[in-house]
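**Q** So that we are looking at the same thing, I have put the structure below in structure tokens.
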Amino acid sequence: MAHLLSTHSTFTLTKTSKSNFKYQNCFSAVTFQNPKTSHLTLKSQFRSYQNKPFTALATSTIGQDITSKAHENSNDQFLSPKNKKVMVIGGDGYCGWATVLHLSKKGYEVAVVDSLVRRLFDHQLGLESLTPIVSIQNRIKRWKQLTGKTISLYVGDICDFEFLAESFKSFEPDAVVHFGEQRSAPYSMIDRSRAVFTQQNNVIGTLNVLFAIKEFREECHLVKLGTMGEYGTPNIDIEEGYITITHNGRTDTLPYPKQAGSFYHLSKVHDSHNIAFTCRAWGLRATDLNQGVVYGLRTDETEMHEELCNRFDYDGVFGTALNRFCVQAAVGHPLTVYGKGGQTRGYLDIRDTVQCVELAIANPANPGEFRVFNQFTEQFSVNDLAKLVTKAGEKLGLEVTAVSVPNPRVEAEEHYYNAKHTKLIELGLIPHLLSDSLLDSVLNFAIKYKDRVDTAQIMPNVSWKKIGVKPKTVSV
């Protein structure tokens, strides 16, 4: 199978005096289609106008799109946005795409690193975003046309360390925002192969990111998207990452106990342990954002053009509770409340996701520090959400009902839940709380695209107890 590689800029040297040289971009594309050729390196050493030696390096691997870099070493992690480079791993996904545009608009130089495997999951399972979404290449082109801002793109798998290493050396990030994981609990519980994929992809991918930071950008700040699901539903208050315990007369502050509820959530726990260890052992700096359930669709940036529109999942595998309920209401399907409906979690608007990530980048952890922020703004039970959607739907003339369906998960359906979430507020988070206007907006969006809804995908089809070794390769 032939492969296509392209780099969108390169350089030439022009002699301006006996001792000085300058360089300029001179052509726009380098392509080849050779299945045996997987690596291209262009390197030239020359002097800047100030006669300081530096290196222009353009390196590409199959599947990459890179820009040549002329650079001098810098370890300044407190640069202004216009000078700060942020690599967003998983930048083509639901949270990742919104974050990429937000950071670019704020003045950060942004690169997307993504294997595009999330789009493959849809094809494998017969799923489709409620909203039509264009390719990542077309998304980036449209953003450039609208704003004049360039977003770099590196297409490849971070589990391939060679690809990740070349991406790091090419872009040289000051911060890495890591969304690049299989993020669905139901997906991880479909069958053995997907459970293994989830843990391998998430844990090894994150390990590779940690090694890349250590090897190539030791001062780089890692902003990792964790999940509130790591904590489970303990019968005590959930602290932000750490808890102070007195036991047999001795007191210590320890990582908060974890009670993961799926193979996906377990992969996140493993990530947290690995990141905490490397901060202690190697002096890395990291912020773990234990995110609640995200809802909504629009941000200021994604509303600028239909080709910037974000994906919106409503199915039983990738759809989150509030988003699913809004689509169900729009098409006249009863709201699917799992079991008793008392399951309570932290929730946040996607506009707050991008705001939290920006705050974490702008206020980096110290070397050797592993910070944990609980990233949500409000707590709701499933029954609470069903009542809110029912009320909002009735205002729009929809007949909305809710039904209890057998719970496919193994979880407490009635429980105590009180999670702390003050650290991001202290950094300046201004929450977008769930309001009637927001629900109206999401419901109207669901109504607009209701002809795209496949009602066969609404009911849950993945059982925590029935997971087996037989692969389900086409549809769940």
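All residue names refer to the structure tokens as shown: chains lettered A, B, ... in order, residues numbered from 1 in each chain, ligands numbered from 1 in order.
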Excluding region 261-272 of chain A and its own-chain neighbours fewer than 2 positions away, which residues fall within 6 Å of it when counting only C-alpha atoms? Please give them as a PDB file with all heavy atoms, in the first residue's frame.
**A**
```pdb
ATOM      1  N   ALA A 185     -16.211   4.188  28.695  1.00  0.00           N
ATOM      2  CA  ALA A 185     -16.323   3.006  29.560  1.00  0.00           C
ATOM      3  C   ALA A 185     -17.060   1.873  28.853  1.00  0.00           C
ATOM      4  O   ALA A 185     -16.590   0.719  28.863  1.00  0.00           O
ATOM      5  CB  ALA A 185     -17.015   3.382  30.876  1.00  0.00           C
ATOM      6  N   SER A 188     -14.879  -0.030  26.411  1.00  0.00           N
ATOM      7  CA  SER A 188     -13.897  -0.912  27.051  1.00  0.00           C
ATOM      8  C   SER A 188     -14.520  -2.189  27.588  1.00  0.00           C
ATOM      9  O   SER A 188     -13.797  -3.121  27.959  1.00  0.00           O
ATOM     10  CB  SER A 188     -13.198  -0.174  28.201  1.00  0.00           C
ATOM     11  OG  SER A 188     -14.037  -0.046  29.339  1.00  0.00           O
ATOM     12  N   GLN A 199      -6.713  -0.521  27.506  1.00  0.00           N
ATOM     13  CA  GLN A 199      -5.629  -0.397  28.479  1.00  0.00           C
ATOM     14  C   GLN A 199      -4.278  -0.238  27.783  1.00  0.00           C
ATOM     15  O   GLN A 199      -3.439   0.560  28.214  1.00  0.00           O
ATOM     16  CB  GLN A 199      -5.631  -1.609  29.402  1.00  0.00           C
ATOM     17  CG  GLN A 199      -6.912  -1.731  30.212  1.00  0.00           C
ATOM     18  CD  GLN A 199      -6.679  -1.984  31.676  1.00  0.00           C
ATOM     19  OE1 GLN A 199      -5.600  -2.355  32.093  1.00  0.00           O
ATOM     20  NE2 GLN A 199      -7.711  -1.785  32.471  1.00  0.00           N
ATOM     21  N   VAL A 203      -2.586   3.323  28.518  1.00  0.00           N
ATOM     22  CA  VAL A 203      -1.454   3.271  29.448  1.00  0.00           C
ATOM     23  C   VAL A 203      -0.125   3.416  28.707  1.00  0.00           C
ATOM     24  O   VAL A 203       0.745   4.209  29.106  1.00  0.00           O
ATOM     25  CB  VAL A 203      -1.489   1.969  30.266  1.00  0.00           C
ATOM     26  CG1 VAL A 203      -0.270   1.891  31.184  1.00  0.00           C
ATOM     27  CG2 VAL A 203      -2.773   1.906  31.101  1.00  0.00           C
ATOM     28  N   GLU A 230     -12.344   7.785  38.365  1.00  0.00           N
ATOM     29  CA  GLU A 230     -11.284   7.084  39.090  1.00  0.00           C
ATOM     30  C   GLU A 230     -11.652   6.884  40.560  1.00  0.00           C
ATOM     31  O   GLU A 230     -11.268   5.905  41.181  1.00  0.00           O
ATOM     32  CB  GLU A 230      -9.973   7.869  38.999  1.00  0.00           C
ATOM     33  CG  GLU A 230      -9.366   7.931  37.612  1.00  0.00           C
ATOM     34  CD  GLU A 230      -8.026   8.648  37.609  1.00  0.00           C
ATOM     35  OE1 GLU A 230      -7.261   8.480  38.586  1.00  0.00           O
ATOM     36  OE2 GLU A 230      -7.742   9.379  36.646  1.00  0.00           O
ATOM     37  N   ASN A 274       1.373   6.315  37.070  1.00  0.00           N
ATOM     38  CA  ASN A 274       2.594   6.469  36.277  1.00  0.00           C
ATOM     39  C   ASN A 274       3.046   7.933  36.221  1.00  0.00           C
ATOM     40  O   ASN A 274       4.241   8.221  36.311  1.00  0.00           O
ATOM     41  CB  ASN A 274       2.362   5.944  34.856  1.00  0.00           C
ATOM     42  CG  ASN A 274       2.320   4.432  34.787  1.00  0.00           C
ATOM     43  OD1 ASN A 274       2.844   3.743  35.664  1.00  0.00           O
ATOM     44  ND2 ASN A 274       1.676   3.902  33.760  1.00  0.00           N
ATOM     45  N   ILE A 275       2.095   8.839  36.077  1.00  0.00           N
ATOM     46  CA  ILE A 275       2.458  10.261  36.025  1.00  0.00           C
ATOM     47  C   ILE A 275       2.995  10.723  37.374  1.00  0.00           C
ATOM     48  O   ILE A 275       4.018  11.429  37.445  1.00  0.00           O
ATOM     49  CB  ILE A 275       1.241  11.117  35.603  1.00  0.00           C
ATOM     50  CG1 ILE A 275       0.778  10.720  34.202  1.00  0.00           C
ATOM     51  CG2 ILE A 275       1.607  12.605  35.630  1.00  0.00           C
ATOM     52  CD1 ILE A 275      -0.563  11.323  33.809  1.00  0.00           C
TER      53      ILE A 275
END
```
**Q** Counting only C-alpha atoms, what are the residues of region 186-297 of chain A within 12 Å of region 97-104 of chain A, and for each of them which pair of atoms is the nearest and at what distance in Å, to one decimal? Sort the table by chain and rising number, as a Markdown table.
**A**
```
| residue | atom | partner | partner_atom | distance |
| --- | --- | --- | --- | --- |
| A:Leu225 | CA | A:Thr99 | CA | 11.9 |
| A:Gly296 | CA | A:Ala98 | CA | 11.2 |
| A:Leu297 | CA | A:Ala98 | CA | 9.0 |
```
**Q** Would you list the contacts of region 209-220 of chain A as a PyMOL selection string, taking every protein, DNA or RNA residue within 9 Å and counting only C-alpha atoms, but skipping same-chain residues closer than 6 positions in sequence?
**A** chain A and resi 75-77+158-159+161+164-165+168-169+172-176+178+274-275+278+282-286+367
**Q** For the strand (DSSP E) assignment from backbone DSSP, which residues of region 83-128 of chain A qualify? Please present them as JSON, numbers by chain.
**A** {"A": [85, 86, 87, 88, 89, 109, 110, 111, 112, 113, 114]}
**Q** Residues as selected, N, CA and C atoms, written as an mmCIF file, in the first residue's frame, can you do that?
**A**
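File again_36.cif, as written:
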```
data_model
loop_
_atom_site.group_PDB
_atom_site.id
_atom_site.type_symbol
_atom_site.label_atom_id
_atom_site.label_comp_id
_atom_site.auth_asym_id
_atom_site.auth_seq_id
_atom_site.Cartn_x
_atom_site.Cartn_y
_atom_site.Cartn_z
ATOM 1 N N LYS A 85 3.932 27.215 22.934
ATOM 2 C CA LYS A 85 3.534 26.175 21.988
ATOM 3 C C LYS A 85 2.867 25.032 22.742
ATOM 4 N N VAL A 86 1.661 24.695 22.313
ATOM 5 C CA VAL A 86 0.872 23.674 22.992
ATOM 6 C C VAL A 86 0.553 22.551 22.022
ATOM 7 N N MET A 87 0.941 21.344 22.383
ATOM 8 C CA MET A 87 0.608 20.149 21.615
ATOM 9 C C MET A 87 -0.644 19.522 22.226
ATOM 10 N N VAL A 88 -1.686 19.367 21.423
ATOM 11 C CA VAL A 88 -2.928 18.754 21.894
ATOM 12 C C VAL A 88 -3.031 17.362 21.297
ATOM 13 N N ILE A 89 -2.795 16.364 22.123
ATOM 14 C CA ILE A 89 -2.903 14.975 21.687
ATOM 15 C C ILE A 89 -4.374 14.572 21.777
ATOM 16 N N GLU A 109 0.447 28.887 19.965
ATOM 17 C CA GLU A 109 0.784 28.121 18.771
ATOM 18 C C GLU A 109 0.427 26.672 19.046
ATOM 19 N N VAL A 110 -0.462 26.110 18.258
ATOM 20 C CA VAL A 110 -1.073 24.824 18.580
ATOM 21 C C VAL A 110 -0.736 23.783 17.515
ATOM 22 N N ALA A 111 -0.490 22.569 17.987
ATOM 23 C CA ALA A 111 -0.331 21.414 17.101
ATOM 24 C C ALA A 111 -1.296 20.325 17.538
ATOM 25 N N VAL A 112 -1.922 19.686 16.578
ATOM 26 C CA VAL A 112 -2.791 18.532 16.826
ATOM 27 C C VAL A 112 -2.000 17.261 16.549
ATOM 28 N N VAL A 113 -2.025 16.344 17.509
ATOM 29 C CA VAL A 113 -1.478 14.998 17.311
ATOM 30 C C VAL A 113 -2.637 14.023 17.487
ATOM 31 N N ASP A 114 -2.939 13.247 16.465
ATOM 32 C CA ASP A 114 -4.104 12.366 16.541
ATOM 33 C C ASP A 114 -3.954 11.226 15.550
#
```
**Q** Near region 311-327 of chain A, within 6 Å and counting only C-alpha atoms, which residues show up once chain neighbours fewer than 2 positions away are dropped, as a list in words?
**A**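 Close residues of region 311-327 of chain A: Tyr94, Ser129, Leu130, Thr131, Ser184, Pro186, Tyr187, Tyr295, Ala329, Ala330, Leu335, Leu443, Ala446, Gln457, Ile458 and Pro460 of chain A.
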**Q** Quote the spacing between CA of Leu359 (chain A) and CA of Val223 (chain A) in Å to one decimal place.
**A**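 Computing the Euclidean distance for CA of Leu359 (chain A) and CA of Val223 (chain A) yields 10.4 Å.
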**Q** So how far away is CA of Leu146 (chain A) from CA of Ala360 (chain A), in Å?
**A**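 Interatomic distance, CA of Ala360 (chain A) to CA of Leu146 (chain A): 27.0 Å.
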**Q** Give the answer as one residue: which of A:Asp122, A:Asp191, A:Glu128, A:Asp92 has the shortest atom-to-atom distance to Val453 (chain A), using only C-alpha atoms?
**A**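 Looking only at the distances to Val453 (chain A), the closest residue turns out to be A:Glu128.
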**Q** Would you mind telling me which residue in A:Met189, A:Ala260, A:Asp451, A:Val382 lies nearest to Ser463 (chain A) when using only C-alpha atoms?
**A**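 Between A:Met189, A:Ala260, A:Asp451, A:Val382, the residue approaching Ser463 (chain A) most closely is A:Met189.
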**Q** Would you mind writing down, as number ranges by chain, each residue of region 126-238 of chain A that DSSP on the backbone assigns to alpha helix (DSSP H)?
**A** A: 136-147, 161-171, 185-188, 192-199, 205-216
**Q** Using only C-alpha atoms, can you tell me which of A:Gly232, A:Val389, A:Lys105, A:Asp440 comes closest to Asp300 (chain A)?
**A**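 Of the candidates, the smallest distance to Asp300 (chain A) is held by A:Lys105.
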